[in-house]
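S.K.: Coordinates in query-v2.csv, CSV, C-alpha atoms, are listed below.
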```
chain,number,residue,atom,x,y,z
Y,1,MET,CA,16.3,45.4,27.5
Y,2,ASN,CA,12.9,44.3,26.2
Y,3,LYS,CA,11.1,44.3,29.5
Y,4,VAL,CA,11.7,48.0,30.3
Y,5,THR,CA,10.4,51.0,28.4
Y,6,ILE,CA,11.5,54.5,29.5
Y,7,GLU,CA,10.0,57.7,28.0
Y,8,LYS,CA,10.1,61.3,28.8
Y,9,LEU,CA,6.5,62.5,28.8
Y,10,PRO,CA,6.1,65.3,26.3
Y,11,ASP,CA,5.9,68.9,27.7
Y,12,THR,CA,2.7,70.0,26.0
Y,13,LYS,CA,-1.1,70.4,26.5
Y,14,GLU,CA,-1.8,70.0,22.8
Y,15,ILE,CA,-1.9,66.2,22.3
Y,16,GLN,CA,-4.4,63.5,23.4
Y,17,ARG,CA,-2.1,61.1,25.3
Y,18,ALA,CA,0.0,61.0,28.5
Y,19,LYS,CA,1.7,64.4,28.8
Y,20,ARG,CA,2.9,67.1,31.2
Y,21,TRP,CA,3.3,70.8,31.3
Y,22,GLU,CA,4.2,73.6,33.7
Y,23,GLU,CA,2.3,76.9,34.0
Y,24,GLU,CA,2.0,79.7,36.5
Y,25,ARG,CA,-0.4,77.7,38.7
Y,26,GLY,CA,2.1,74.8,38.8
Y,27,GLU,CA,2.8,71.5,37.0
Y,28,PHE,CA,0.0,69.3,35.5
Y,29,VAL,CA,0.8,65.7,34.6
Y,30,GLN,CA,-1.5,63.3,32.8
Y,31,VAL,CA,0.4,60.2,33.8
Y,32,ALA,CA,-1.8,57.8,31.9
Y,33,TYR,CA,-4.3,58.1,29.0
Y,34,GLY,CA,-6.7,55.4,27.9
Y,35,GLU,CA,-5.1,52.7,30.1
Y,36,ALA,CA,-6.9,50.3,32.5
Y,37,MET,CA,-5.7,50.9,36.1
Y,38,HIS,CA,-6.4,48.5,39.0
Y,39,HIS,CA,-3.6,49.6,41.3
Y,40,LEU,CA,-2.5,53.2,42.0
Y,41,ALA,CA,0.1,54.3,44.5
Y,42,ALA,CA,2.5,57.1,45.3
Y,43,PHE,CA,5.7,56.6,47.2
Y,44,GLU,CA,8.7,58.6,48.3
Y,45,ILE,CA,12.3,57.5,48.1
Y,46,LYS,CA,14.6,59.6,50.3
Y,47,LYS,CA,18.1,60.4,49.2
Y,48,GLY,CA,20.4,57.4,50.0
Y,49,TYR,CA,17.5,54.9,50.4
Y,50,SER,CA,16.0,52.4,48.0
Y,51,ARG,CA,12.7,50.7,47.2
Y,52,GLY,CA,11.9,47.6,45.1
Y,53,ASN,CA,14.5,44.8,44.9
Y,54,HIS,CA,11.8,42.4,43.6
Y,55,TYR,CA,10.0,41.2,40.5
Y,56,HIS,CA,6.5,40.1,39.7
Y,57,GLU,CA,5.5,37.0,37.7
Y,58,LYS,CA,2.2,38.5,36.5
Y,59,LYS,CA,2.0,42.2,37.3
Y,60,GLU,CA,3.1,44.9,34.9
Y,61,GLU,CA,4.0,48.2,36.6
Y,62,VAL,CA,4.3,51.7,35.4
Y,63,PHE,CA,6.2,54.3,37.3
Y,64,TYR,CA,6.3,58.1,36.9
Y,65,VAL,CA,9.0,60.2,38.5
Y,66,PHE,CA,7.0,63.3,39.7
Y,67,GLN,CA,10.1,65.0,41.3
Y,68,GLY,CA,13.6,64.1,42.2
Y,69,LYS,CA,16.2,61.7,40.7
Y,70,ILE,CA,16.8,58.0,41.1
Y,71,LYS,CA,19.2,55.3,39.9
Y,72,ALA,CA,17.1,52.4,38.5
Y,73,SER,CA,18.5,48.9,38.2
Y,74,PHE,CA,16.8,46.2,36.2
Y,75,ILE,CA,17.3,42.5,35.6
Y,76,ASP,CA,15.5,40.4,33.1
Y,77,MET,CA,14.7,37.2,35.1
Y,78,ASP,CA,14.7,35.1,31.9
Y,79,THR,CA,18.0,36.2,30.3
Y,80,LEU,CA,19.7,37.7,33.4
Y,81,GLN,CA,20.5,40.8,31.3
Y,82,LYS,CA,21.1,43.8,33.6
Y,83,GLU,CA,20.7,47.5,32.9
Y,84,GLU,CA,21.0,50.7,35.0
Y,85,LYS,CA,19.5,54.1,34.2
Y,86,ILE,CA,19.3,57.5,35.8
Y,87,LEU,CA,15.7,58.7,35.9
Y,88,GLU,CA,14.3,62.1,36.8
Y,89,LYS,CA,11.3,64.3,36.8
Y,90,GLY,CA,9.1,63.6,33.8
Y,91,ASP,CA,10.3,60.1,33.1
Y,92,ARG,CA,7.7,57.2,32.8
Y,93,ILE,CA,9.0,53.7,33.1
Y,94,ARG,CA,7.0,50.6,32.1
Y,95,VAL,CA,8.3,47.3,33.7
Y,96,GLN,CA,7.0,44.0,32.3
Y,97,PRO,CA,6.5,40.9,34.4
Y,98,ARG,CA,9.6,38.9,35.3
Y,99,CYS,CA,11.8,42.1,35.3
Y,100,GLY,CA,13.5,42.8,38.7
Y,101,HIS,CA,13.8,46.4,39.7
Y,102,LEU,CA,15.4,48.5,42.3
Y,103,PHE,CA,15.2,52.3,42.7
Y,104,TYR,CA,17.8,54.2,44.6
Y,105,GLY,CA,17.3,57.8,45.7
Y,106,LEU,CA,20.0,60.2,44.3
Y,107,GLU,CA,17.7,63.0,45.6
Y,108,ASP,CA,14.5,63.0,47.6
Y,109,THR,CA,12.1,61.6,45.0
Y,110,LEU,CA,8.3,61.2,44.6
Y,111,VAL,CA,7.1,58.4,42.3
Y,112,ILE,CA,3.6,57.5,41.1
Y,113,GLU,CA,3.0,53.8,40.4
Y,114,TYR,CA,0.1,52.2,38.6
Y,115,SER,CA,-0.8,48.8,37.1
Y,116,PRO,CA,-3.5,47.2,35.0
Y,117,GLN,CA,-3.4,44.3,37.6
Y,118,VAL,CA,-4.3,44.4,41.2
Y,119,TYR,CA,-1.4,44.1,43.6
Y,120,GLU,CA,-1.1,40.7,45.1
Y,121,GLN,CA,1.6,40.1,47.8
Y,122,GLU,CA,2.2,36.5,46.6
Y,123,ASP,CA,3.2,37.8,43.2
Y,124,SER,CA,6.2,39.8,44.6
Y,125,PHE,CA,9.5,37.9,44.7
Y,126,LYS,CA,12.5,39.4,46.5
Y,127,ILE,CA,15.9,39.5,44.7
Y,128,ASP,CA,19.2,41.3,45.4
Y,129,LEU,CA,20.1,44.0,42.9
Y,130,SER,CA,22.1,46.1,45.3
```
Can you turn what I pasted into structure tokens?
M.R.:
Amino acid sequence: MNKVTIEKLPDTKEIQRAKRWEEERGEFVQVAYGEAMHHLAAFEIKKGYSRGNHYHEKKEEVFYVFQGKIKASFIDMDTLQKEEKILEKGDRIRVQPRCGHLFYGLEDTLVIEYSPQVYEQEDSFKIDLS
């Protein structure tokens, strides 16, 4: 699907980009590097619950799974192509405008979300991906 990009952030301190590493003091994650951010949020998805089930006309969203595991469902609102992925700690997901998304908690999960656009409630359109 062209409207979703999923990557595992590299486990290293040695590069100049988004990355993560674990050390004795705990985990460090540089979720973004050199990107404009006008919206930043963190949310929890408890096991057995979901979040999302909407799309945006204008807003691009980037999600980082900080801990836990989710089932992510996507639909391209232009082609109606659907895709499901299992995402876990260390995965970063970039969702383009007009891509519906639903995240279902397979475990208690913590997610960081950011966007180059400001969140506007009128740009959020409910769908049913369940």
S.K.: At a cut-off of 12 Å, can you tabulate as CSV every residue of range 23-104 of chain Y near range 109-119 of chain Y together with its closest atom pair and the distance in Å to one decimal, using all atoms listed in the file and ordering rows by chain then number?
M.R.:
```
residue,atom,partner,partner_atom,distance
Y:Val29,CA,Y:Ile112,CA,10.8
Y:Gln30,CA,Y:Ile112,CA,11.3
Y:Val31,CA,Y:Ile112,CA,8.4
Y:Ala32,CA,Y:Tyr114,CA,8.9
Y:Gly34,CA,Y:Pro116,CA,11.3
Y:Glu35,CA,Y:Pro116,CA,7.5
Y:Ala36,CA,Y:Pro116,CA,5.2
Y:Met37,CA,Y:Pro116,CA,4.4
Y:His38,CA,Y:Val118,CA,5.1
Y:His39,CA,Y:Ser115,CA,5.1
Y:Leu40,CA,Y:Tyr114,CA,4.4
Y:Ala41,CA,Y:Glu113,CA,5.0
Y:Ala42,CA,Y:Ile112,CA,4.4
Y:Phe43,CA,Y:Val111,CA,5.4
Y:Glu44,CA,Y:Leu110,CA,4.5
Y:Ile45,CA,Y:Thr109,CA,5.1
Y:Lys46,CA,Y:Thr109,CA,6.2
Y:Lys47,CA,Y:Thr109,CA,7.4
Y:Gly48,CA,Y:Thr109,CA,10.6
Y:Tyr49,CA,Y:Thr109,CA,10.2
Y:Ser50,CA,Y:Thr109,CA,10.4
Y:Arg51,CA,Y:Val111,CA,10.7
Y:Gly52,CA,Y:Glu113,CA,11.8
Y:His56,CA,Y:Tyr119,CA,9.7
Y:Glu57,CA,Y:Gln117,CA,11.5
Y:Lys58,CA,Y:Gln117,CA,8.1
Y:Lys59,CA,Y:Gln117,CA,5.8
Y:Glu60,CA,Y:Ser115,CA,5.9
Y:Glu61,CA,Y:Ser115,CA,4.9
Y:Val62,CA,Y:Tyr114,CA,5.3
Y:Phe63,CA,Y:Glu113,CA,4.5
Y:Tyr64,CA,Y:Ile112,CA,5.0
Y:Val65,CA,Y:Val111,CA,4.6
Y:Phe66,CA,Y:Leu110,CA,5.5
Y:Gln67,CA,Y:Leu110,CA,5.3
Y:Gly68,CA,Y:Thr109,CA,4.0
Y:Lys69,CA,Y:Thr109,CA,5.9
Y:Ile70,CA,Y:Thr109,CA,7.1
Y:Lys71,CA,Y:Thr109,CA,10.8
Y:Leu87,CA,Y:Thr109,CA,10.2
Y:Glu88,CA,Y:Thr109,CA,8.5
Y:Lys89,CA,Y:Thr109,CA,8.7
Y:Gly90,CA,Y:Val111,CA,10.2
Y:Asp91,CA,Y:Val111,CA,9.9
Y:Arg92,CA,Y:Ile112,CA,9.3
Y:Ile93,CA,Y:Glu113,CA,9.4
Y:Arg94,CA,Y:Ser115,CA,9.4
Y:Val95,CA,Y:Ser115,CA,9.8
Y:Gln96,CA,Y:Ser115,CA,10.3
Y:Pro97,CA,Y:Gln117,CA,10.9
Y:Phe103,CA,Y:Thr109,CA,10.1
Y:Tyr104,CA,Y:Thr109,CA,9.3
```
S.K.: Write the residues you've just listed into a file as an mmCIF file, keeping the file's coordinate frame, and include C-alpha atoms for each of them.
M.R.:
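Final output, saved to selection-v8.cif:
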```
data_model
loop_
_atom_site.group_PDB
_atom_site.id
_atom_site.type_symbol
_atom_site.label_atom_id
_atom_site.label_comp_id
_atom_site.auth_asym_id
_atom_site.auth_seq_id
_atom_site.Cartn_x
_atom_site.Cartn_y
_atom_site.Cartn_z
ATOM 1 C CA VAL Y 29 0.800 65.700 34.600
ATOM 2 C CA GLN Y 30 -1.500 63.300 32.800
ATOM 3 C CA VAL Y 31 0.400 60.200 33.800
ATOM 4 C CA ALA Y 32 -1.800 57.800 31.900
ATOM 5 C CA GLY Y 34 -6.700 55.400 27.900
ATOM 6 C CA GLU Y 35 -5.100 52.700 30.100
ATOM 7 C CA ALA Y 36 -6.900 50.300 32.500
ATOM 8 C CA MET Y 37 -5.700 50.900 36.100
ATOM 9 C CA HIS Y 38 -6.400 48.500 39.000
ATOM 10 C CA HIS Y 39 -3.600 49.600 41.300
ATOM 11 C CA LEU Y 40 -2.500 53.200 42.000
ATOM 12 C CA ALA Y 41 0.100 54.300 44.500
ATOM 13 C CA ALA Y 42 2.500 57.100 45.300
ATOM 14 C CA PHE Y 43 5.700 56.600 47.200
ATOM 15 C CA GLU Y 44 8.700 58.600 48.300
ATOM 16 C CA ILE Y 45 12.300 57.500 48.100
ATOM 17 C CA LYS Y 46 14.600 59.600 50.300
ATOM 18 C CA LYS Y 47 18.100 60.400 49.200
ATOM 19 C CA GLY Y 48 20.400 57.400 50.000
ATOM 20 C CA TYR Y 49 17.500 54.900 50.400
ATOM 21 C CA SER Y 50 16.000 52.400 48.000
ATOM 22 C CA ARG Y 51 12.700 50.700 47.200
ATOM 23 C CA GLY Y 52 11.900 47.600 45.100
ATOM 24 C CA HIS Y 56 6.500 40.100 39.700
ATOM 25 C CA GLU Y 57 5.500 37.000 37.700
ATOM 26 C CA LYS Y 58 2.200 38.500 36.500
ATOM 27 C CA LYS Y 59 2.000 42.200 37.300
ATOM 28 C CA GLU Y 60 3.100 44.900 34.900
ATOM 29 C CA GLU Y 61 4.000 48.200 36.600
ATOM 30 C CA VAL Y 62 4.300 51.700 35.400
ATOM 31 C CA PHE Y 63 6.200 54.300 37.300
ATOM 32 C CA TYR Y 64 6.300 58.100 36.900
ATOM 33 C CA VAL Y 65 9.000 60.200 38.500
ATOM 34 C CA PHE Y 66 7.000 63.300 39.700
ATOM 35 C CA GLN Y 67 10.100 65.000 41.300
ATOM 36 C CA GLY Y 68 13.600 64.100 42.200
ATOM 37 C CA LYS Y 69 16.200 61.700 40.700
ATOM 38 C CA ILE Y 70 16.800 58.000 41.100
ATOM 39 C CA LYS Y 71 19.200 55.300 39.900
ATOM 40 C CA LEU Y 87 15.700 58.700 35.900
ATOM 41 C CA GLU Y 88 14.300 62.100 36.800
ATOM 42 C CA LYS Y 89 11.300 64.300 36.800
ATOM 43 C CA GLY Y 90 9.100 63.600 33.800
ATOM 44 C CA ASP Y 91 10.300 60.100 33.100
ATOM 45 C CA ARG Y 92 7.700 57.200 32.800
ATOM 46 C CA ILE Y 93 9.000 53.700 33.100
ATOM 47 C CA ARG Y 94 7.000 50.600 32.100
ATOM 48 C CA VAL Y 95 8.300 47.300 33.700
ATOM 49 C CA GLN Y 96 7.000 44.000 32.300
ATOM 50 C CA PRO Y 97 6.500 40.900 34.400
ATOM 51 C CA PHE Y 103 15.200 52.300 42.700
ATOM 52 C CA TYR Y 104 17.800 54.200 44.600
#
```
S.K.: Box for range 71-88 of chain Y - axis-aligned, 8 Å on each of the six sides, all listed atoms - centre and size in Å to one decimal, as JSON.
M.R.:
```
{"center_x": 17.7, "center_y": 48.6, "center_z": 35.1, "size_x": 22.8, "size_y": 43.0, "size_z": 25.6}
```
S.K.: So, counting only C-alpha atoms, which residue among Y:Leu80, Y:Glu122, Y:Ile86, Y:Phe74 is closest to Val4 in chain Y?
M.R.: Y:Phe74
S.K.: How many Å lie between CA of Lys8 in chain Y and CA of Ser130 in chain Y, rounded to one decimal?
M.R.: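 One can read the CA of Lys8 in chain Y to CA of Ser130 in chain Y distance as 25.4 Å.
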S.K.: Which residues, written as a list of chain:residue names, have at least one atom at most 9 Å from Asn53 in chain Y, with only C-alpha atoms counted and residues fewer than 2 positions away on the same chain left out?
M.R.: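 Using only C-alpha atoms, the neighbours found are Y:Ser50, Y:Arg51, Y:Tyr55, Y:Ser73, Y:Gly100, Y:His101, Y:Leu102, Y:Phe103, Y:Phe125, Y:Lys126, Y:Ile127, Y:Asp128, Y:Leu129, Y:Ser130.
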S.K.: Measuring atom to atom with only C-alpha atoms, identify which of Y:Gly105, Y:His54, Y:Glu23, Y:Asn2 is nearest to Ala72 in chain Y.
M.R.: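 Using only C-alpha atoms, Ala72 in chain Y sits closest to Y:Gly105.
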S.K.: Please compute the CA of Arg98 in chain Y-CA of Leu9 in chain Y distance, one decimal, in Å.
M.R.: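 We find that CA of Arg98 in chain Y and CA of Leu9 in chain Y lie 24.7 Å from each other.
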S.K.: Choose the residue, out of Y:Asp11, Y:Glu83, Y:Asp76, Y:Glu120, that has the smallest atom-to-atom separation from Glu27 in chain Y; count all atoms listed in the file.
M.R.: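 Of all the options, Y:Asp11 lies closest to Glu27 in chain Y.
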